[in-house]
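**Student:** Got input07.cif for you, mmCIF, C-alpha atoms:
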```cif
data_start
loop_
_atom_site.label_atom_id
_atom_site.label_comp_id
_atom_site.auth_asym_id
_atom_site.auth_seq_id
_atom_site.Cartn_x
_atom_site.Cartn_y
_atom_site.Cartn_z
CA MET Q 1 29.13 -18.48 6.58
CA SER Q 2 32.67 -17.61 5.55
CA SER Q 3 34.79 -15.14 7.50
CA THR Q 4 34.48 -12.67 4.60
CA THR Q 5 30.68 -12.65 4.68
CA PRO Q 6 29.38 -9.58 6.54
CA LYS Q 7 26.69 -9.81 9.19
CA THR Q 8 23.43 -10.02 7.31
CA THR Q 9 19.91 -9.24 8.50
CA LEU Q 10 16.79 -9.90 6.49
CA HIS Q 11 13.81 -7.70 7.30
CA GLY Q 12 10.70 -9.56 6.21
CA TYR Q 13 7.42 -11.30 6.94
CA PHE Q 14 6.79 -15.03 6.82
CA ARG Q 15 4.02 -14.83 4.22
CA SER Q 16 5.70 -12.28 1.94
CA SER Q 17 6.48 -13.83 -1.46
CA ALA Q 18 9.27 -11.33 -2.02
CA ALA Q 19 10.92 -12.10 1.32
CA TYR Q 20 10.45 -15.82 0.61
CA ARG Q 21 12.48 -15.40 -2.61
CA VAL Q 22 15.35 -13.78 -0.77
CA ARG Q 23 15.34 -16.43 1.96
CA ILE Q 24 15.71 -19.11 -0.71
CA ALA Q 25 18.57 -17.23 -2.39
CA LEU Q 26 20.41 -16.78 0.91
CA ASN Q 27 19.98 -20.46 1.68
CA LEU Q 28 21.14 -21.57 -1.76
CA LYS Q 29 24.23 -19.39 -1.37
CA GLY Q 30 24.86 -20.73 2.12
CA ILE Q 31 24.76 -17.26 3.66
CA ALA Q 32 23.79 -17.14 7.33
CA TYR Q 33 21.47 -14.31 8.31
CA ASP Q 34 19.37 -12.96 11.16
CA SER Q 35 15.65 -12.36 10.71
CA ARG Q 36 13.82 -9.23 11.76
CA THR Q 37 10.10 -9.57 11.18
CA TYR Q 38 7.25 -7.14 10.64
CA HIS Q 39 3.60 -8.11 10.75
CA LEU Q 40 2.26 -6.70 7.50
CA ARG Q 41 -1.40 -7.22 8.39
CA LYS Q 42 -0.92 -5.17 11.57
CA GLY Q 43 0.88 -2.39 9.73
CA ASP Q 44 4.33 -2.84 11.25
CA GLN Q 45 5.86 -1.92 7.88
CA ARG Q 46 4.38 1.57 8.10
CA THR Q 47 5.90 2.47 11.45
CA GLU Q 48 8.49 5.22 11.67
CA ARG Q 49 11.04 2.62 12.76
CA TYR Q 50 10.67 0.53 9.62
CA LEU Q 51 10.27 3.45 7.23
CA ALA Q 52 13.73 4.56 8.37
CA VAL Q 53 14.95 1.21 7.04
CA ASN Q 54 12.87 1.11 3.85
CA PRO Q 55 11.04 4.32 2.81
CA GLN Q 56 8.67 2.28 0.63
CA GLY Q 57 7.38 0.45 3.68
CA LEU Q 58 7.74 -2.88 1.88
CA VAL Q 59 9.58 -6.09 2.63
CA PRO Q 60 12.13 -7.46 2.15
CA THR Q 61 15.06 -5.27 3.06
CA LEU Q 62 18.50 -6.84 3.30
CA GLN Q 63 20.93 -5.20 5.69
CA THR Q 64 24.48 -6.22 4.83
CA ASP Q 65 27.96 -4.81 4.49
CA GLY Q 66 26.86 -1.44 5.86
CA ALA Q 67 24.07 -1.07 3.30
CA LEU Q 68 20.29 -1.42 3.15
CA LEU Q 69 19.13 -3.17 -0.02
CA THR Q 70 15.52 -3.23 -1.20
CA GLN Q 71 13.50 -4.96 -3.94
CA SER Q 72 13.81 -8.74 -3.96
CA LEU Q 73 15.18 -9.20 -7.48
CA ALA Q 74 17.80 -6.51 -6.95
CA ILE Q 75 18.80 -8.20 -3.70
CA VAL Q 76 19.12 -11.59 -5.41
CA GLU Q 77 21.22 -10.06 -8.19
CA TYR Q 78 23.47 -8.52 -5.52
CA LEU Q 79 23.89 -11.90 -3.83
CA GLU Q 80 24.70 -13.48 -7.19
CA GLU Q 81 27.38 -10.90 -7.94
CA GLN Q 82 28.92 -10.99 -4.49
CA TRP Q 83 28.81 -14.77 -4.04
CA PRO Q 84 28.71 -16.30 -7.55
CA THR Q 85 29.02 -19.89 -6.29
CA PRO Q 86 26.74 -21.74 -6.53
CA PRO Q 87 25.34 -19.79 -9.47
CA LEU Q 88 21.70 -18.78 -9.67
CA LEU Q 89 22.03 -17.65 -13.29
CA PRO Q 90 23.40 -19.64 -16.24
CA SER Q 91 26.65 -18.71 -17.96
CA SER Q 92 25.23 -17.88 -21.40
CA THR Q 93 23.96 -14.34 -21.98
CA LEU Q 94 20.91 -15.64 -23.84
CA ASP Q 95 20.16 -18.19 -21.13
CA ARG Q 96 20.44 -15.53 -18.43
CA ALA Q 97 17.95 -13.41 -20.36
CA ARG Q 98 15.56 -16.37 -20.49
CA VAL Q 99 15.82 -16.99 -16.75
CA ARG Q 100 15.41 -13.31 -15.88
CA ALA Q 101 12.34 -13.10 -18.12
CA MET Q 102 10.68 -16.00 -16.32
CA ALA Q 103 11.51 -14.47 -12.94
CA GLN Q 104 10.06 -11.14 -14.05
CA ILE Q 105 6.81 -12.71 -15.26
CA ILE Q 106 6.26 -13.66 -11.65
CA ALA Q 107 7.88 -10.79 -9.77
CA CYS Q 108 6.82 -7.95 -12.08
CA ASP Q 109 3.60 -9.09 -13.78
CA ILE Q 110 1.83 -11.45 -11.35
CA HIS Q 111 2.89 -10.52 -7.85
CA PRO Q 112 2.52 -6.69 -7.81
CA ILE Q 113 -1.19 -6.73 -8.69
CA ASP Q 114 -1.95 -9.60 -6.32
CA ASN Q 115 0.00 -8.63 -3.22
CA LEU Q 116 -1.39 -7.83 0.22
CA ARG Q 117 -1.75 -4.07 -0.20
CA VAL Q 118 -3.59 -4.42 -3.53
CA LEU Q 119 -6.02 -6.98 -2.14
CA ALA Q 120 -6.56 -4.79 0.93
CA TYR Q 121 -7.33 -1.81 -1.33
CA LEU Q 122 -9.91 -3.85 -3.21
CA ARG Q 123 -11.55 -4.94 0.04
CA ASP Q 124 -11.32 -1.76 2.07
CA ARG Q 125 -11.25 1.22 -0.28
CA LEU Q 126 -13.27 -0.20 -3.18
CA ALA Q 127 -15.58 -2.26 -0.93
CA GLN Q 128 -15.30 -5.37 -3.04
CA PRO Q 129 -16.68 -8.57 -1.52
CA GLU Q 130 -14.32 -11.44 -0.80
CA PRO Q 131 -15.43 -13.57 -3.80
CA VAL Q 132 -14.54 -10.69 -6.14
CA VAL Q 133 -11.16 -10.21 -4.47
CA ARG Q 134 -10.39 -13.91 -4.81
CA ASP Q 135 -11.51 -13.90 -8.45
CA TRP Q 136 -9.16 -10.97 -9.10
CA TYR Q 137 -6.30 -12.86 -7.50
CA ALA Q 138 -6.97 -16.09 -9.39
CA HIS Q 139 -7.40 -14.33 -12.74
CA TRP Q 140 -4.00 -12.64 -12.69
CA VAL Q 141 -2.18 -15.65 -11.30
CA GLN Q 142 -3.64 -17.94 -13.94
CA GLU Q 143 -2.98 -15.47 -16.75
CA GLY Q 144 0.68 -15.13 -15.75
CA LEU Q 145 1.25 -18.83 -15.14
CA SER Q 146 -0.34 -19.74 -18.48
CA SER Q 147 2.42 -17.80 -20.26
CA LEU Q 148 5.06 -19.34 -18.04
CA GLU Q 149 3.72 -22.83 -18.70
CA VAL Q 150 4.19 -22.32 -22.44
CA LEU Q 151 7.72 -20.98 -22.00
CA LEU Q 152 8.69 -23.91 -19.81
CA SER Q 153 6.97 -26.75 -21.64
CA ASN Q 154 8.10 -25.72 -25.13
CA ASP Q 155 11.79 -25.15 -24.45
CA PRO Q 156 14.41 -27.94 -24.31
CA ARG Q 157 16.42 -25.89 -21.82
CA THR Q 158 13.79 -26.66 -19.20
CA GLY Q 159 14.94 -29.55 -17.05
CA GLU Q 160 14.08 -30.69 -13.57
CA PHE Q 161 13.90 -26.98 -12.79
CA CYS Q 162 13.09 -23.87 -14.81
CA HIS Q 163 16.47 -23.92 -16.52
CA GLY Q 164 18.34 -27.19 -16.49
CA ASP Q 165 18.71 -29.48 -13.51
CA SER Q 166 19.93 -27.02 -10.88
CA PRO Q 167 17.63 -24.61 -9.02
CA GLY Q 168 18.16 -20.95 -9.75
CA PHE Q 169 16.82 -17.45 -10.16
CA ALA Q 170 13.51 -18.39 -11.78
CA ASP Q 171 12.78 -21.22 -9.36
CA LEU Q 172 13.17 -19.04 -6.29
CA CYS Q 173 10.45 -16.81 -7.74
CA LEU Q 174 8.23 -19.67 -8.85
CA VAL Q 175 8.02 -21.60 -5.58
CA PRO Q 176 6.62 -18.69 -3.50
CA GLN Q 177 4.11 -17.86 -6.23
CA VAL Q 178 2.81 -21.43 -6.36
CA PHE Q 179 2.68 -21.55 -2.56
CA ASN Q 180 0.53 -18.41 -2.49
CA ALA Q 181 -1.68 -19.62 -5.32
CA ARG Q 182 -2.42 -22.77 -3.35
CA TYR Q 183 -3.05 -20.72 -0.22
CA PHE Q 184 -5.78 -18.90 -2.15
CA ALA Q 185 -7.07 -22.19 -3.62
CA VAL Q 186 -6.29 -21.21 -7.22
CA ASP Q 187 -6.83 -24.02 -9.72
CA LEU Q 188 -3.38 -24.94 -11.09
CA SER Q 189 -4.43 -27.98 -13.11
CA ALA Q 190 -3.71 -26.22 -16.42
CA PHE Q 191 -0.05 -25.73 -15.48
CA PRO Q 192 1.50 -29.19 -15.05
CA THR Q 193 5.06 -28.11 -15.87
CA VAL Q 194 4.89 -25.16 -13.49
CA VAL Q 195 3.59 -27.38 -10.70
CA ARG Q 196 6.10 -30.15 -11.36
CA ILE Q 197 9.04 -27.76 -11.15
CA ALA Q 198 7.73 -25.90 -8.12
CA ASP Q 199 7.11 -29.14 -6.24
CA ALA Q 200 10.57 -30.50 -7.09
CA ALA Q 201 12.28 -27.31 -5.93
CA ALA Q 202 10.20 -27.02 -2.77
CA LYS Q 203 11.58 -30.36 -1.55
CA LEU Q 204 15.17 -29.12 -1.55
CA PRO Q 205 16.62 -28.15 1.86
CA ALA Q 206 17.27 -24.51 0.88
CA PHE Q 207 13.66 -24.09 -0.21
CA GLU Q 208 12.20 -26.04 2.68
CA ALA Q 209 14.10 -23.94 5.23
CA ALA Q 210 12.71 -20.80 3.55
CA HIS Q 211 9.10 -22.04 3.69
CA PRO Q 212 6.77 -19.56 5.41
CA MET Q 213 5.74 -22.02 8.10
CA ASN Q 214 9.39 -22.57 9.03
CA GLN Q 215 9.96 -18.90 9.89
CA PRO Q 216 10.17 -17.45 13.42
CA ASP Q 217 7.07 -15.30 12.88
CA ALA Q 218 4.93 -18.04 11.30
CA GLU Q 219 1.36 -18.18 12.59
#
```
What does this structure look like when you write it as structure tokens?
**Tutor:**
Amino acid sequence: MSSTTPKTTLHGYFRSSAAYRVRIALNLKGIAYDSRTYHLRKGDQRTERYLAVNPQGLVPTLQTDGALLTQSLAIVEYLEEQWPTPPLLPSSTLDRARVRAMAQIIACDIHPIDNLRVLAYLRDRLAQPEPVVRDWYAHWVQEGLSSLEVLLSNDPRTGEFCHGDSPGFADLCLVPQVFNARYFAVDLSAFPTVVRIADAAAKLPAFEAAHPMNQPDAE
């Protein structure tokens, strides 16, 4: 961490896809940070202490430079603007739009309807049995990844990673989503390009260090 980098704290949870994204981005940028963890299944994110940090009661929150930043994609964009090297977005305006679109398929269309609080609502408030909950999860993951597979497999700008041969903004969204899909035993056989890219990225040190099971609160 350079002398100009402020003290940075990431408020998160080891299994949170959104926190996982930010951990990858911090690692790719080479930014040292402290972790402050909240057990989402025990409701730590709804305590008065955490709501004073993030009124939404969601993770992640990035505490840096005297500010509290929320929403994972906004945090990653902030990191990109503050520390542009190495870049997470390509130089071309059109290419940046492509990468952001792929990231948003995951972060805006797949993840929000499959996250912990939605699945808990299905189980607890709507009394849905576990097979129905898992079918819900698999349906929306597969629908989103099917679109992403087409975008990746049909575009020459796809390389070893989502855009070219360097990991970036879309990859740091993709890897956590694939990890969670596997955790829920979702069939990914129809998405060979998605799986190839996610597996290649996951082997990189920045991604490996961000892996849920390598976090201080892993269980």
**Student:** Which residue gives the smallest distance to Gly159 in chain Q among Q:His139, Q:Phe179, Q:Ala201, Q:Ser146, with all atoms listed in the file counted?
**Tutor:**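 The answer is Q:Ala201, which sits nearest to Gly159 in chain Q.
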**Student:** Kindly resolve the PyMOL selection byres ((chain Q and resi 22-26) around 8) on the present coordinates and return the residues as a VMD selection string.
**Tutor:** chain Q and resid 18 to 21 27 to 33 60 72 75 to 76 79 169 172 206 to 207 209 to 210
**Student:** Report, in Å with one decimal, the straight-line distance from CA of Val195 in chain Q to CA of Arg123 in chain Q.
**Tutor:**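 Between CA of Val195 in chain Q and CA of Arg123 in chain Q the gap is 29.1 Å.
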**Student:** Just give me the gap between CA of Asn180 in chain Q and CA of Ser17 in chain Q in Å, one decimal is fine.
**Tutor:**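 Going from CA of Asn180 in chain Q over to CA of Ser17 in chain Q, I get 7.6 Å.
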**Student:** Fewer than 6 positions away in the same chain doesn't count, so skip those; otherwise give me all residues within 10 Å of Asp187 in chain Q, counting only C-alpha atoms, as a PyMOL selection string.
**Tutor:** chain Q and resi 138+141-142+181
**Student:** Using all atoms listed in the file, which residue out of Q:Arg41, Q:Arg125, Q:His11, Q:Lys203 lies closest to Phe161 in chain Q?
**Tutor:**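 When distances to Phe161 in chain Q are compared using all atoms listed in the file, the smallest one comes from Q:Lys203.
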**Student:** At what distance in Å, to one decimal, does CA of Gln71 in chain Q lie from CA of Ser35 in chain Q?
**Tutor:**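 Atom-to-atom, CA of Ser35 in chain Q to CA of Gln71 in chain Q, that is 16.6 Å.
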**Student:** Range 64-126 of chain Q near range 149-157 of chain Q within 12 Å: what's each residue's closest atom pair and its distance in Å to one decimal, counting all atoms listed in the file, ordered by chain then ascending residue number, as JSON lines?
**Tutor:**
```
{"residue": "Q:Pro90", "atom": "CA", "partner": "Q:Arg157", "partner_atom": "CA", "distance": 10.9}
{"residue": "Q:Ser92", "atom": "CA", "partner": "Q:Arg157", "partner_atom": "CA", "distance": 11.9}
{"residue": "Q:Leu94", "atom": "CA", "partner": "Q:Arg157", "partner_atom": "CA", "distance": 11.4}
{"residue": "Q:Asp95", "atom": "CA", "partner": "Q:Arg157", "partner_atom": "CA", "distance": 8.6}
{"residue": "Q:Arg96", "atom": "CA", "partner": "Q:Arg157", "partner_atom": "CA", "distance": 11.6}
{"residue": "Q:Arg98", "atom": "CA", "partner": "Q:Leu151", "partner_atom": "CA", "distance": 9.2}
{"residue": "Q:Val99", "atom": "CA", "partner": "Q:Arg157", "partner_atom": "CA", "distance": 10.3}
{"residue": "Q:Ala101", "atom": "CA", "partner": "Q:Leu151", "partner_atom": "CA", "distance": 9.9}
{"residue": "Q:Met102", "atom": "CA", "partner": "Q:Leu151", "partner_atom": "CA", "distance": 8.1}
{"residue": "Q:Ala103", "atom": "CA", "partner": "Q:Leu151", "partner_atom": "CA", "distance": 11.8}
{"residue": "Q:Ile105", "atom": "CA", "partner": "Q:Leu151", "partner_atom": "CA", "distance": 10.7}
{"residue": "Q:Ile106", "atom": "CA", "partner": "Q:Glu149", "partner_atom": "CA", "distance": 11.8}
```
**Student:** Go ahead and write the selection's residues with C-alpha atoms as a JSON list (two decimals), keeping the file's coordinate frame.
**Tutor:**
```json
[["chain", "number", "residue", "atom", "x", "y", "z"],
["Q", 90, "PRO", "CA", 23.40, -19.64, -16.24],
["Q", 92, "SER", "CA", 25.23, -17.88, -21.40],
["Q", 94, "LEU", "CA", 20.91, -15.64, -23.84],
["Q", 95, "ASP", "CA", 20.16, -18.19, -21.13],
["Q", 96, "ARG", "CA", 20.44, -15.53, -18.43],
["Q", 98, "ARG", "CA", 15.56, -16.37, -20.49],
["Q", 99, "VAL", "CA", 15.82, -16.99, -16.75],
["Q", 101, "ALA", "CA", 12.34, -13.10, -18.12],
["Q", 102, "MET", "CA", 10.68, -16.00, -16.32],
["Q", 103, "ALA", "CA", 11.51, -14.47, -12.94],
["Q", 105, "ILE", "CA", 6.81, -12.71, -15.26],
["Q", 106, "ILE", "CA", 6.26, -13.66, -11.65]]
```
**Student:** Please provide as an mmCIF file with C-alpha atoms, keeping the file's coordinate frame all residues within 8 Å of Thr37 in chain Q, with the sequence filter that same-chain residues fewer than 4 positions apart are discarded (counting all atoms listed in the file).
**Tutor:**
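part_28.cif written:
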```cif
data_model
loop_
_atom_site.group_PDB
_atom_site.id
_atom_site.type_symbol
_atom_site.label_atom_id
_atom_site.label_comp_id
_atom_site.auth_asym_id
_atom_site.auth_seq_id
_atom_site.Cartn_x
_atom_site.Cartn_y
_atom_site.Cartn_z
ATOM 1 C CA HIS Q 11 13.810 -7.700 7.300
ATOM 2 C CA GLY Q 12 10.700 -9.560 6.210
ATOM 3 C CA TYR Q 13 7.420 -11.300 6.940
ATOM 4 C CA PHE Q 14 6.790 -15.030 6.820
ATOM 5 C CA ASP Q 217 7.070 -15.300 12.880
#
```
**Student:** Expanded to explicit residues, what is the PyMOL selection byres ((chain Q and resi 44-48) around 12) for this file, as number ranges by chain?
**Tutor:** Q: 11-13, 16, 36-43, 49-61, 117
